[in-house]
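Data from upload-v1.pdb: PDB, C-alpha atoms, pLDDT in the B column
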```
ATOM      1  CA  MET A   1     -61.306  39.533 -80.783  1.00 45.00           C
ATOM      2  CA  ASN A   2     -58.439  37.147 -80.259  1.00 47.00           C
ATOM      3  CA  PRO A   3     -57.579  37.206 -76.507  1.00 47.00           C
ATOM      4  CA  ASN A   4     -53.904  37.414 -77.459  1.00 47.00           C
ATOM      5  CA  ASP A   5     -54.389  40.562 -79.552  1.00 49.00           C
ATOM      6  CA  PRO A   6     -53.273  43.856 -78.030  1.00 50.00           C
ATOM      7  CA  ASP A   7     -55.948  46.076 -76.497  1.00 54.00           C
ATOM      8  CA  ILE A   8     -55.899  49.335 -78.488  1.00 53.00           C
ATOM      9  CA  SER A   9     -57.736  51.304 -75.824  1.00 58.00           C
ATOM     10  CA  ALA A  10     -55.258  50.165 -73.168  1.00 59.00           C
ATOM     11  CA  ILE A  11     -52.329  51.277 -75.309  1.00 53.00           C
ATOM     12  CA  GLU A  12     -53.890  54.659 -76.000  1.00 57.00           C
ATOM     13  CA  ALA A  13     -54.638  55.161 -72.312  1.00 59.00           C
ATOM     14  CA  ARG A  14     -51.048  54.366 -71.336  1.00 58.00           C
ATOM     15  CA  LEU A  15     -49.710  56.668 -74.026  1.00 54.00           C
ATOM     16  CA  ALA A  16     -52.003  59.483 -72.918  1.00 56.00           C
ATOM     17  CA  ALA A  17     -50.781  59.035 -69.360  1.00 53.00           C
ATOM     18  CA  GLY A  18     -47.176  59.180 -70.518  1.00 50.00           C
ATOM     19  CA  ARG A  19     -46.421  55.704 -69.209  1.00 51.00           C
ATOM     20  CA  GLU A  20     -43.712  53.529 -70.707  1.00 49.00           C
ATOM     21  CA  LEU A  21     -44.929  50.451 -72.551  1.00 47.00           C
ATOM     22  CA  ASP A  22     -43.329  47.105 -71.821  1.00 50.00           C
ATOM     23  CA  VAL A  23     -44.842  45.398 -74.831  1.00 45.00           C
ATOM     24  CA  GLU A  24     -44.507  42.446 -77.142  1.00 50.00           C
ATOM     25  CA  PRO A  25     -43.478  43.191 -80.744  1.00 53.00           C
ATOM     26  CA  SER A  26     -47.135  43.062 -81.911  1.00 47.00           C
ATOM     27  CA  TRP A  27     -48.073  45.707 -79.339  1.00 45.00           C
ATOM     28  CA  ARG A  28     -45.130  47.853 -80.308  1.00 50.00           C
ATOM     29  CA  ARG A  29     -46.088  47.706 -83.978  1.00 54.00           C
ATOM     30  CA  LEU A  30     -49.599  48.768 -83.056  1.00 48.00           C
ATOM     31  CA  THR A  31     -48.451  51.739 -80.975  1.00 51.00           C
ATOM     32  CA  GLU A  32     -46.287  52.852 -83.886  1.00 56.00           C
ATOM     33  CA  ALA A  33     -49.257  52.485 -86.238  1.00 55.00           C
ATOM     34  CA  ILE A  34     -51.437  54.599 -83.917  1.00 51.00           C
ATOM     35  CA  ALA A  35     -48.819  57.349 -83.845  1.00 55.00           C
ATOM     36  CA  GLU A  36     -48.385  57.244 -87.630  1.00 57.00           C
ATOM     37  CA  ARG A  37     -52.142  57.388 -88.194  1.00 54.00           C
ATOM     38  CA  ALA A  38     -52.538  60.310 -85.791  1.00 50.00           C
ATOM     39  CA  ALA A  39     -49.819  62.228 -87.630  1.00 53.00           C
ATOM     40  CA  ALA A  40     -51.185  61.352 -91.072  1.00 54.00           C
ATOM     41  CA  GLU A  41     -54.707  62.479 -90.126  1.00 46.00           C
ATOM     42  CA  ASP A  42     -53.388  65.665 -88.506  1.00 57.00           C
ATOM     43  CA  LEU A  43     -54.698  64.594 -85.094  1.00 58.00           C
ATOM     44  CA  LEU A  44     -51.369  65.066 -83.344  1.00 80.00           C
ATOM     45  CA  ASP A  45     -50.679  68.526 -81.941  1.00 90.00           C
ATOM     46  CA  VAL A  46     -47.682  67.673 -79.763  1.00 93.00           C
ATOM     47  CA  ALA A  47     -45.267  64.797 -80.384  1.00 93.00           C
ATOM     48  CA  VAL A  48     -43.097  63.633 -77.495  1.00 94.00           C
ATOM     49  CA  GLU A  49     -39.974  61.494 -77.315  1.00 95.00           C
ATOM     50  CA  ARG A  50     -37.752  60.401 -74.450  1.00 95.00           C
ATOM     51  CA  HIS A  51     -34.015  60.756 -75.055  1.00 96.00           C
ATOM     52  CA  ASP A  52     -31.213  59.216 -73.001  1.00 97.00           C
ATOM     53  CA  SER A  53     -28.367  61.603 -72.217  1.00 97.00           C
ATOM     54  CA  PRO A  54     -25.417  61.900 -69.808  1.00 97.00           C
ATOM     55  CA  LEU A  55     -27.769  63.946 -67.604  1.00 97.00           C
ATOM     56  CA  GLY A  56     -30.373  61.179 -67.546  1.00 96.00           C
ATOM     57  CA  PRO A  57     -33.525  60.815 -69.645  1.00 97.00           C
ATOM     58  CA  LEU A  58     -34.581  64.065 -71.299  1.00 97.00           C
ATOM     59  CA  MET A  59     -38.134  64.651 -72.506  1.00 97.00           C
ATOM     60  CA  LEU A  60     -38.548  66.450 -75.825  1.00 98.00           C
ATOM     61  CA  ALA A  61     -41.790  67.789 -77.269  1.00 97.00           C
ATOM     62  CA  ALA A  62     -42.492  69.332 -80.658  1.00 97.00           C
ATOM     63  CA  THR A  63     -45.440  70.957 -82.394  1.00 95.00           C
ATOM     64  CA  ARG A  64     -45.734  71.433 -86.134  1.00 93.00           C
ATOM     65  CA  GLU A  65     -43.668  74.628 -85.738  1.00 96.00           C
ATOM     66  CA  GLY A  66     -40.717  73.021 -83.943  1.00 97.00           C
ATOM     67  CA  VAL A  67     -39.392  71.873 -80.584  1.00 98.00           C
ATOM     68  CA  VAL A  68     -41.502  73.506 -77.891  1.00 98.00           C
ATOM     69  CA  ARG A  69     -40.211  71.984 -74.663  1.00 98.00           C
ATOM     70  CA  LEU A  70     -37.213  70.143 -73.245  1.00 98.00           C
ATOM     71  CA  GLY A  71     -37.618  68.609 -69.801  1.00 97.00           C
ATOM     72  CA  PHE A  72     -35.011  67.279 -67.373  1.00 97.00           C
ATOM     73  CA  PRO A  73     -35.332  63.876 -65.638  1.00 95.00           C
ATOM     74  CA  GLU A  74     -37.051  65.244 -62.539  1.00 94.00           C
ATOM     75  CA  GLU A  75     -39.713  66.866 -64.743  1.00 95.00           C
ATOM     76  CA  GLU A  76     -40.712  63.669 -66.505  1.00 92.00           C
ATOM     77  CA  ASP A  77     -43.682  62.727 -64.317  1.00 92.00           C
ATOM     78  CA  GLY A  78     -45.620  65.918 -65.028  1.00 93.00           C
ATOM     79  CA  PHE A  79     -44.297  66.567 -68.513  1.00 95.00           C
ATOM     80  CA  LEU A  80     -47.283  65.354 -70.543  1.00 93.00           C
ATOM     81  CA  ASP A  81     -49.782  66.964 -68.194  1.00 94.00           C
ATOM     82  CA  GLU A  82     -47.988  70.286 -68.609  1.00 95.00           C
ATOM     83  CA  LEU A  83     -48.112  70.027 -72.391  1.00 95.00           C
ATOM     84  CA  ALA A  84     -51.795  69.098 -72.341  1.00 93.00           C
ATOM     85  CA  ARG A  85     -52.583  72.032 -70.044  1.00 95.00           C
ATOM     86  CA  LEU A  86     -50.527  74.665 -71.854  1.00 96.00           C
ATOM     87  CA  ILE A  87     -50.755  73.578 -75.500  1.00 94.00           C
ATOM     88  CA  SER A  88     -53.172  70.776 -76.382  1.00 90.00           C
ATOM     89  CA  GLY A  89     -54.569  67.515 -75.076  1.00 87.00           C
ATOM     90  CA  ARG A  90     -53.651  65.842 -78.355  1.00 88.00           C
ATOM     91  CA  VAL A  91     -50.238  64.703 -77.110  1.00 90.00           C
ATOM     92  CA  LEU A  92     -48.684  61.412 -78.144  1.00 87.00           C
ATOM     93  CA  ARG A  93     -45.307  59.731 -77.893  1.00 86.00           C
ATOM     94  CA  ALA A  94     -44.391  59.793 -81.553  1.00 85.00           C
ATOM     95  CA  PRO A  95     -41.511  60.742 -83.873  1.00 85.00           C
ATOM     96  CA  ARG A  96     -41.365  64.077 -85.659  1.00 90.00           C
ATOM     97  CA  PRO A  97     -38.515  65.379 -87.860  1.00 93.00           C
ATOM     98  CA  SER A  98     -37.657  68.251 -85.513  1.00 96.00           C
ATOM     99  CA  LEU A  99     -37.430  65.803 -82.600  1.00 96.00           C
ATOM    100  CA  THR A 100     -35.172  63.483 -84.572  1.00 96.00           C
ATOM    101  CA  ASP A 101     -32.897  66.410 -85.454  1.00 97.00           C
ATOM    102  CA  ALA A 102     -32.854  67.661 -81.860  1.00 98.00           C
ATOM    103  CA  ARG A 103     -31.954  64.231 -80.482  1.00 97.00           C
ATOM    104  CA  HIS A 104     -29.127  63.817 -82.990  1.00 98.00           C
ATOM    105  CA  GLN A 105     -27.750  67.282 -82.249  1.00 98.00           C
ATOM    106  CA  LEU A 106     -27.980  66.752 -78.486  1.00 98.00           C
ATOM    107  CA  ASP A 107     -25.858  63.614 -78.850  1.00 98.00           C
ATOM    108  CA  GLU A 108     -23.286  65.587 -80.826  1.00 97.00           C
ATOM    109  CA  TYR A 109     -23.323  68.350 -78.217  1.00 97.00           C
ATOM    110  CA  PHE A 110     -22.685  65.980 -75.320  1.00 97.00           C
ATOM    111  CA  GLU A 111     -19.846  64.404 -77.302  1.00 96.00           C
ATOM    112  CA  ARG A 112     -18.319  67.895 -77.788  1.00 95.00           C
ATOM    113  CA  GLY A 113     -18.949  67.646 -81.513  1.00 95.00           C
ATOM    114  CA  ARG A 114     -21.454  70.498 -81.739  1.00 96.00           C
ATOM    115  CA  THR A 115     -21.286  74.052 -80.421  1.00 96.00           C
ATOM    116  CA  ARG A 116     -24.624  75.390 -81.667  1.00 95.00           C
ATOM    117  CA  PHE A 117     -28.074  73.943 -82.276  1.00 97.00           C
ATOM    118  CA  ASP A 118     -29.879  74.267 -85.563  1.00 96.00           C
ATOM    119  CA  VAL A 119     -33.417  72.979 -85.012  1.00 97.00           C
ATOM    120  CA  PRO A 120     -36.737  74.809 -85.479  1.00 97.00           C
ATOM    121  CA  LEU A 121     -38.134  76.098 -82.184  1.00 98.00           C
ATOM    122  CA  ASP A 122     -41.690  76.901 -81.171  1.00 98.00           C
ATOM    123  CA  TRP A 123     -41.549  79.833 -78.730  1.00 97.00           C
ATOM    124  CA  ARG A 124     -45.205  79.819 -77.697  1.00 96.00           C
ATOM    125  CA  LEU A 125     -44.469  79.007 -74.039  1.00 97.00           C
ATOM    126  CA  THR A 126     -42.698  82.316 -73.474  1.00 95.00           C
ATOM    127  CA  ARG A 127     -43.573  85.901 -74.400  1.00 94.00           C
ATOM    128  CA  GLY A 128     -42.907  89.554 -73.692  1.00 95.00           C
ATOM    129  CA  PHE A 129     -39.760  90.424 -71.767  1.00 95.00           C
ATOM    130  CA  ARG A 130     -39.079  86.763 -71.015  1.00 95.00           C
ATOM    131  CA  ARG A 131     -38.992  86.060 -74.733  1.00 96.00           C
ATOM    132  CA  GLU A 132     -36.568  88.951 -75.245  1.00 97.00           C
ATOM    133  CA  VAL A 133     -34.324  87.554 -72.513  1.00 97.00           C
ATOM    134  CA  LEU A 134     -34.289  84.140 -74.179  1.00 97.00           C
ATOM    135  CA  ASN A 135     -33.583  85.679 -77.584  1.00 96.00           C
ATOM    136  CA  VAL A 136     -30.488  87.332 -76.102  1.00 97.00           C
ATOM    137  CA  THR A 137     -29.522  84.092 -74.371  1.00 97.00           C
ATOM    138  CA  SER A 138     -29.806  82.069 -77.569  1.00 97.00           C
ATOM    139  CA  ALA A 139     -27.009  84.182 -79.058  1.00 96.00           C
ATOM    140  CA  ILE A 140     -24.456  83.608 -76.260  1.00 97.00           C
ATOM    141  CA  PRO A 141     -21.573  81.690 -77.895  1.00 96.00           C
ATOM    142  CA  TYR A 142     -20.524  78.231 -76.781  1.00 97.00           C
ATOM    143  CA  GLY A 143     -18.097  78.372 -73.880  1.00 94.00           C
ATOM    144  CA  LYS A 144     -18.919  82.007 -73.085  1.00 95.00           C
ATOM    145  CA  THR A 145     -21.061  83.450 -70.284  1.00 96.00           C
ATOM    146  CA  LEU A 146     -22.957  86.643 -69.459  1.00 96.00           C
ATOM    147  CA  SER A 147     -24.344  87.932 -66.180  1.00 95.00           C
ATOM    148  CA  TYR A 148     -28.057  88.338 -65.440  1.00 95.00           C
ATOM    149  CA  ALA A 149     -27.570  92.115 -65.530  1.00 95.00           C
ATOM    150  CA  GLU A 150     -25.871  91.969 -68.941  1.00 97.00           C
ATOM    151  CA  VAL A 151     -28.691  89.855 -70.363  1.00 97.00           C
ATOM    152  CA  ALA A 152     -31.343  92.189 -68.912  1.00 96.00           C
ATOM    153  CA  ALA A 153     -29.589  95.184 -70.445  1.00 97.00           C
ATOM    154  CA  SER A 154     -29.319  93.517 -73.839  1.00 97.00           C
ATOM    155  CA  ALA A 155     -33.028  92.629 -73.628  1.00 95.00           C
ATOM    156  CA  GLY A 156     -33.839  96.317 -73.175  1.00 94.00           C
ATOM    157  CA  SER A 157     -34.387  96.615 -69.401  1.00 94.00           C
ATOM    158  CA  PRO A 158     -31.070  97.115 -67.563  1.00 92.00           C
ATOM    159  CA  ARG A 159     -32.693  97.229 -64.121  1.00 93.00           C
ATOM    160  CA  ALA A 160     -34.777  94.090 -64.634  1.00 94.00           C
ATOM    161  CA  TRP A 161     -32.054  91.589 -63.806  1.00 92.00           C
ATOM    162  CA  ARG A 162     -34.321  89.772 -61.333  1.00 92.00           C
ATOM    163  CA  ALA A 163     -36.999  89.378 -64.002  1.00 94.00           C
ATOM    164  CA  ALA A 164     -34.300  88.159 -66.361  1.00 94.00           C
ATOM    165  CA  GLY A 165     -33.335  85.562 -63.768  1.00 93.00           C
ATOM    166  CA  THR A 166     -36.953  84.385 -63.578  1.00 93.00           C
ATOM    167  CA  ALA A 167     -37.154  84.114 -67.356  1.00 94.00           C
ATOM    168  CA  LEU A 168     -34.000  81.999 -67.430  1.00 95.00           C
ATOM    169  CA  ALA A 169     -35.081  79.796 -64.512  1.00 93.00           C
ATOM    170  CA  THR A 170     -38.333  78.986 -66.338  1.00 94.00           C
ATOM    171  CA  ASN A 171     -36.838  78.604 -69.821  1.00 97.00           C
ATOM    172  CA  PRO A 172     -38.955  75.926 -71.566  1.00 97.00           C
ATOM    173  CA  LEU A 173     -36.080  75.043 -73.917  1.00 98.00           C
ATOM    174  CA  PRO A 174     -32.985  74.600 -71.749  1.00 98.00           C
ATOM    175  CA  ILE A 175     -29.749  73.473 -73.441  1.00 98.00           C
ATOM    176  CA  LEU A 176     -31.217  74.327 -76.863  1.00 98.00           C
ATOM    177  CA  VAL A 177     -31.550  77.908 -75.610  1.00 98.00           C
ATOM    178  CA  PRO A 178     -28.418  77.948 -73.413  1.00 98.00           C
ATOM    179  CA  CYS A 179     -29.580  79.660 -70.225  1.00 97.00           C
ATOM    180  CA  HIS A 180     -26.835  77.739 -68.387  1.00 97.00           C
ATOM    181  CA  ARG A 181     -24.436  80.331 -69.872  1.00 97.00           C
ATOM    182  CA  VAL A 182     -25.864  83.077 -67.671  1.00 97.00           C
ATOM    183  CA  LEU A 183     -24.253  83.534 -64.241  1.00 95.00           C
ATOM    184  CA  ARG A 184     -24.549  85.816 -61.276  1.00 90.00           C
ATOM    185  CA  GLY A 185     -22.491  88.989 -61.367  1.00 86.00           C
ATOM    186  CA  THR A 186     -20.062  87.368 -58.942  1.00 84.00           C
ATOM    187  CA  GLY A 187     -19.424  84.557 -61.417  1.00 81.00           C
ATOM    188  CA  LYS A 188     -21.284  82.009 -59.318  1.00 84.00           C
ATOM    189  CA  ILE A 189     -23.680  79.511 -60.854  1.00 89.00           C
ATOM    190  CA  GLY A 190     -27.105  80.771 -59.826  1.00 85.00           C
ATOM    191  CA  PRO A 191     -30.409  78.868 -60.165  1.00 86.00           C
ATOM    192  CA  TYR A 192     -31.212  76.511 -63.030  1.00 93.00           C
ATOM    193  CA  ARG A 193     -34.280  74.554 -64.094  1.00 92.00           C
ATOM    194  CA  GLY A 194     -32.363  71.278 -64.040  1.00 92.00           C
ATOM    195  CA  GLY A 195     -30.581  72.091 -60.778  1.00 94.00           C
ATOM    196  CA  THR A 196     -27.251  73.760 -60.074  1.00 94.00           C
ATOM    197  CA  GLU A 197     -25.280  70.533 -60.515  1.00 95.00           C
ATOM    198  CA  VAL A 198     -26.643  70.087 -64.043  1.00 96.00           C
ATOM    199  CA  LYS A 199     -25.765  73.702 -64.833  1.00 96.00           C
ATOM    200  CA  ARG A 200     -22.237  73.142 -63.514  1.00 95.00           C
ATOM    201  CA  ARG A 201     -21.863  70.020 -65.651  1.00 96.00           C
ATOM    202  CA  LEU A 202     -22.962  71.835 -68.804  1.00 97.00           C
ATOM    203  CA  LEU A 203     -20.555  74.687 -68.164  1.00 96.00           C
ATOM    204  CA  SER A 204     -17.742  72.233 -67.473  1.00 95.00           C
ATOM    205  CA  LEU A 205     -18.540  70.367 -70.679  1.00 96.00           C
ATOM    206  CA  GLU A 206     -18.227  73.570 -72.680  1.00 96.00           C
ATOM    207  CA  ALA A 207     -15.149  74.743 -70.796  1.00 92.00           C
ATOM    208  CA  GLY A 208     -13.310  71.523 -71.661  1.00 80.00           C
ATOM    209  CA  SER A 209     -10.044  71.575 -69.745  1.00 39.00           C
ATOM    210  CA  GLY A 210     -10.723  75.089 -68.447  1.00 42.00           C
ATOM    211  CA  ALA A 211     -11.404  76.101 -64.876  1.00 40.00           C
ATOM    212  CA  GLU A 212     -14.366  74.638 -63.026  1.00 45.00           C
ATOM    213  CA  PRO A 213     -17.312  77.019 -62.549  1.00 44.00           C
ATOM    214  CA  GLN A 214     -17.679  78.487 -59.092  1.00 43.00           C
ATOM    215  CA  GLY A 215     -20.262  77.249 -56.604  1.00 43.00           C
ATOM    216  CA  ALA A 216     -23.901  78.268 -56.391  1.00 45.00           C
TER     217      ALA A 216
END
```
Can the structure in the file be given as structure tokens, please?
Amino acid sequence: MNPNDPDISAIEARLAAGRELDVEPSWRRLTEAIAERAAAEDLLDVAVERHDSPLGPLMLAATREGVVRLGFPEEEDGFLDELARLISGRVLRAPRPSLTDARHQLDEYFERGRTRFDVPLDWRLTRGFRREVLNVTSAIPYGKTLSYAEVAASAGSPRAWRAAGTALATNPLPILVPCHRVLRGTGKIGPYRGGTEVKRRLLSLEAGSGAEPQGA
């Protein structure tokens, strides 16, 4: 082997660990070829891409069924490990049509050019009552909000507002499934996977020139 050639095993190890590659063009071409081959041979269960946003770098993951996870900047370090543990160890940083669509639509959303997302979703990371809560949440219109109690009632369990809050706080698809549109009964922010400041920023984005959301 030419000593100047890229080390395939080193690239694969760095990709598996979710580490960014600072590579020469020849290395980059090889990593792209590995990803393409994995997809072509149906060896890729979960494709991952990193997407820059006004909130910082977002991590997006998709299976063959659709986008399965969106992670905020503070979740990046454990993102690939979580996917490997909960879905499959065959995880690779690679493009996938649903990821491309999601990234494009996220850009439009942050530019106030989109009020609803239209990408295929894979719901496998949530089930039961939590899934019902997220189904209700996905239908909350842009710029509108509901309370935890209202969401719980719509999901079929009016008294389970605490469980509804847990489902929203652990939503694997934040922004795409807009759990930031659910507030406490007092109108205050409440907990959020990306932090209360991120939730406030999303609500302010959708409110436009309207009133600022209340504190946590």
What lies within 12 Å of Gly195 in chain A using only C-alpha atoms, ignoring chain neighbours under 2 positions off, as a list in words?
Leu55, Gly71, Phe72, Pro73, Glu74, Glu75, Ala169, Thr170, Pro174, His180, Ile189, Gly190, Pro191, Tyr192, Arg193, Glu197, Val198, Lys199, Arg200, Arg201, Leu202 and Ala216 of chain A
Selection in question (the file shown): the PyMOL selection byres ((chain A and resi 168) around 8). Which residues does it include, as a ChimeraX atom specification?
/A:130,133-134,164-167,169-171,179,192
So that I can see what lies close to Pro95 in chain A, please list as a ChimeraX atom specification the residues with an atom at most 8 Å from it, counting all atoms listed in the file and leaving out residues fewer than 5 positions away in the same chain.
/A:47-49,100
Apply the PyMOL selection byres ((chain A and resi 83-91) around 6) to the displayed file and report the matching residues as a ChimeraX atom specification.
/A:44-47,80-82,92
One decimal place gives the CA of Glu206 in chain A-CA of Arg112 in chain A separation as 7.6 Å
Expressed in Å to a single decimal, how great is the separation between CA of Thr137 in chain A and CA of Leu121 in chain A?
14.1 Å
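As for CA of Asn135 in chain A and CA of Leu99 in chain A, they are spaced 20.9 Å apart.
Among the candidates A:Gly78, A:Gly208, A:Pro54, A:Gly187, the residue lying nearest to Asp107 in chain A is A:Pro54 (atoms considered: only C-alpha atoms).
Among A:Leu176, A:Ala155, A:Ala207, A:Ala163, the residue with the shortest atom-to-atom distance to Gly143 in chain A, counting only C-alpha atoms, is A:Ala207.
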What does the PyMOL selection byres ((chain A and resi 149) around 12) select in this file, as a ChimeraX atom specification?
/A:133,136,145-148,150-165,182-187
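Remark: for Ala102 in chain A, the closest of the candidate residues A:Leu173, A:Ser138, A:Val119, A:Arg181 is A:Val119 (distances computed over only C-alpha atoms).
For the set A:Arg96, A:Arg116, A:Arg69, A:His104, the residue with the smallest atom-to-atom gap to Ala139 in chain A is A:Arg116, counting all atoms listed in the file.
Between Lys188 in chain A and the residues A:Ala94, A:Leu106, A:Leu203, A:Ala61, the shortest atom-to-atom distance, using all atoms listed in the file, involves A:Leu203.
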Option closest in space to Leu60 in chain A, from A:Glu108, A:Glu132, A:Glu76, A:Asp118 [counting all atoms listed in the file]
A:Glu76
